[in-house]
Amino acid sequence: MTGPGHRWSRTVPPVTTRPAAGSLAAVCDGLVRIYWSPSGEVHALKGVDAVVPGGRLTAITGPSGSGKSSLLRILAAQDRPTAGRAEVAGHLLTGMSARRLRAVRRRHIGYVFPRPPQNLLPHLTAREHLAMAGRLRGVGRAQVTRETGELLDLLGIADRADHLPGQLSGGEQQRLAFAQAVVGRPALVVADEPTSELDSVTTHDLLGAVHELTRTGTTVVMATHDPLAAAAAHQVIHLRSGTVASEEVAGRRLAVVDGDGRVQLPEEALTRFPSRRVLVELTDDGVVLRRPS
Ligand SMILES: Nc1ncnc2c1ncn2[C@@H]1O[C@H](COP(=O)(O)OP(=O)(O)OP(=O)(O)O)[C@@H](O)[C@H]1O
């Protein structure tokens, strides 16, 4: 939470809102999600291990159907995994009663839908949206009023505070959706393809605004198909067929080794092993995979 008398400025982020260095906003451990339908089972998540570092933007990427939304819905406490563990801000979501889950969702998680109209009510102004979101999150009126000014300013829509959604552009509506998700400082903001309906210029502006939010301590995890959005993230988790294929941290791509020692090779590496068999050589500083001759 911000301290008394604090000014939330674009140039001097409030240190007090930053999560402790190295803190984790969310942890997923062996998440499995199976959907049952008349046409059969769909294994959308097949054992996803992932961590979401606090105060950072994490992008979830992957082809259509790879499980991005399924993962986000679990992290947002809107759905439960079939198996595995999900923890947000130290709360173990799996196994919680529906009532407790709803309470954690309200207090600790903000959610941004892909389409601007899904996030906002047509008859409430920007300021009223934040007041309502703060109230639902159980935050006192004085804090909501202070954060409303700070957030609308930070997101570049302070002059739209008394406008209705219909008077805002698509990009402004998505900024308001983020402000609404962030007011009261939940531990995690989950955004499902928030730029999918925006053009590249508006996307760029929105990503700048999200970056500002993370600089002031907000943790955002965002599903995206957009290379611009993935490039703006501190960490990228790439899903393939319901598993984590690779992660990118600080510009380096890391393959993931699961608890049973399985590694998903990048697709371009996979083509080098047409027989799907490899010779594994241990060296002093690593492991080399060679095509069997
Ligand atoms: N409620 C559901 N019932 C049955 N199958 C579902 C349900 N929701 C998702 N699926 C299936 O689970 C798989 C993963 O879907 P999901 O929406 O998580 O993927 P995604 O990566 O977000 O896809 P997209 O990028 O197209 O939104 C898909 O095969 C999808 O058809």
# chains A, B, ... in the order shown; residues from 1 in each chain; ligands from 1
$ residues_near_ligand --ligand "ligand 1" --cutoff "10 Å" --atoms "only C-alpha atoms and all ligand atoms" --output "MDAnalysis selection string"
chainID A and resid 33:45 60:73 114 192:193 223:225 239:242
$ select_by_dssp --residues "range 187-261 of chain A" --states "strand (DSSP E)" --output "list in words"
Leu188, Val189, Val190, Ala191, Asp192, Val220, Val221, Met222, Ala223, Gln235, Val236, Ile237, His238, Leu239, Arg240, Thr243, Val244, Ala245, Ser246, Glu247, Glu248, Val249, Arg252, Arg253, Leu254 and Ala255 of chain A
$ atom_distance --atom1 "CA of Leu130 in chain A" --atom2 "CA of Leu24 in chain A"
26.1 Å
$ residues_around --residues "Gly259 in chain A" --least-positions-apart "2" --cutoff "12 Å" --atoms "only C-alpha atoms" --output "list of chain:residue names"
A:Asp29, A:Gly30, A:Gly47, A:Val48, A:Asp49, A:Val256, A:Val257, A:Gly261, A:Arg262, A:Val263
$ closest_residue --among "A:Pro117, A:Pro292, A:Gly90, A:Gly54" --to "Arg272 in chain A" --atoms "only C-alpha atoms"
A:Pro292
$ select_by_dssp --residues "range 65-96 of chain A" --states "alpha helix (DSSP H)" --output "compact mmCIF listing (two decimals) with C-alpha atoms, in the first residue's frame"
# COMPACT_ATOMS: atom_id res chain seq x y z
CA LYS A 68 -3.28 -19.59 -22.20
CA SER A 69 -6.82 -18.66 -21.12
CA SER A 70 -7.19 -21.88 -19.14
CA LEU A 71 -4.07 -20.99 -17.16
CA LEU A 72 -5.16 -17.38 -16.64
CA ARG A 73 -8.61 -18.37 -15.44
CA ILE A 74 -7.04 -20.55 -12.76
CA LEU A 75 -4.60 -17.81 -11.73
$ closest_residue --among "A:Arg100, A:Arg85, A:Arg141, A:Arg56" --to "His234 in chain A" --atoms "only C-alpha atoms"
A:Arg56
$ closest_residue --among "A:Arg175, A:Arg276, A:Arg105, A:Arg253" --to "His211 in chain A" --atoms "only C-alpha atoms"
A:Arg175
$ closest_atom_pairs --of "range 168-222 of chain A" --to "range 153-157 of chain A" --cutoff "9 Å" --atoms "only C-alpha atoms" --output "JSON lines"
{"residue": "A:Glu172", "atom": "CA", "partner": "A:Ile157", "partner_atom": "CA", "distance": 6.9}
{"residue": "A:Arg175", "atom": "CA", "partner": "A:Leu155", "partner_atom": "CA", "distance": 6.2}
{"residue": "A:Leu176", "atom": "CA", "partner": "A:Ile157", "partner_atom": "CA", "distance": 7.7}
{"residue": "A:Phe178", "atom": "CA", "partner": "A:Leu155", "partner_atom": "CA", "distance": 8.5}
{"residue": "A:Ala179", "atom": "CA", "partner": "A:Leu155", "partner_atom": "CA", "distance": 7.4}
{"residue": "A:Leu206", "atom": "CA", "partner": "A:Leu155", "partner_atom": "CA", "distance": 8.2}
{"residue": "A:Gly208", "atom": "CA", "partner": "A:Leu155", "partner_atom": "CA", "distance": 8.7}
{"residue": "A:Ala209", "atom": "CA", "partner": "A:Leu155", "partner_atom": "CA", "distance": 5.2}
{"residue": "A:Val210", "atom": "CA", "partner": "A:Leu155", "partner_atom": "CA", "distance": 8.0}
{"residue": "A:Glu212", "atom": "CA", "partner": "A:Leu154", "partner_atom": "CA", "distance": 7.1}
{"residue": "A:Leu213", "atom": "CA", "partner": "A:Leu154", "partner_atom": "CA", "distance": 7.7}
$ write_last_selection --atoms "C-alpha atoms" --output "JSON list (two decimals), in the first residue's frame"
[["chain", "number", "residue", "atom", "x", "y", "z"],
["A", 172, "GLU", "CA", -8.52, 4.68, -23.11],
["A", 175, "ARG", "CA", -6.39, 1.84, -19.60],
["A", 176, "LEU", "CA", -9.42, 2.41, -17.44],
["A", 178, "PHE", "CA", -6.33, -1.65, -15.91],
["A", 179, "ALA", "CA", -6.90, 1.20, -13.44],
["A", 206, "LEU", "CA", -1.20, 0.71, -23.38],
["A", 208, "GLY", "CA", 3.79, 1.81, -21.79],
["A", 209, "ALA", "CA", 1.04, 2.35, -19.22],
["A", 210, "VAL", "CA", 1.29, -1.28, -18.03],
["A", 212, "GLU", "CA", 4.45, 2.18, -15.50],
["A", 213, "LEU", "CA", 2.14, 0.09, -13.33]]
$ residues_around --residues "Leu164 in chain A" --least-positions-apart "4" --cutoff "10 Å" --atoms "only C-alpha atoms" --output "list of chain:residue names"
A:Leu120, A:Leu121, A:Pro122, A:His123, A:Leu124, A:Thr125, A:Ala126, A:Arg127, A:Glu128, A:His129, A:Arg160, A:Leu168, A:Gln173
$ write_last_selection --atoms "C-alpha atoms" --output "PDB file, in the first residue's frame"
ATOM      1  CA  LEU A 120     -16.797  -1.479 -18.183  1.00  0.00           C
ATOM      2  CA  LEU A 121     -20.375  -0.472 -17.389  1.00  0.00           C
ATOM      3  CA  PRO A 122     -21.832   2.059 -19.823  1.00  0.00           C
ATOM      4  CA  HIS A 123     -23.539   4.215 -17.167  1.00  0.00           C
ATOM      5  CA  LEU A 124     -20.537   4.702 -14.837  1.00  0.00           C
ATOM      6  CA  THR A 125     -17.834   7.326 -15.304  1.00  0.00           C
ATOM      7  CA  ALA A 126     -14.146   6.439 -15.030  1.00  0.00           C
ATOM      8  CA  ARG A 127     -14.045   7.722 -11.466  1.00  0.00           C
ATOM      9  CA  GLU A 128     -17.178   5.763 -10.547  1.00  0.00           C
ATOM     10  CA  HIS A 129     -15.667   2.565 -11.966  1.00  0.00           C
ATOM     11  CA  ARG A 160     -11.199  11.584 -18.621  1.00  0.00           C
ATOM     12  CA  LEU A 168     -13.487   7.062 -24.426  1.00  0.00           C
ATOM     13  CA  GLN A 173     -11.153   2.125 -22.153  1.00  0.00           C
TER      14      GLN A 173
END
$ atom_distance --atom1 "CA of Arg291 in chain A" --atom2 "CA of Gln264 in chain A"
16.1 Å
$ closest_residue --among "A:His108, A:His163, A:Arg146, A:Arg185" --to "Ala26 in chain A" --atoms "only C-alpha atoms"
A:His108
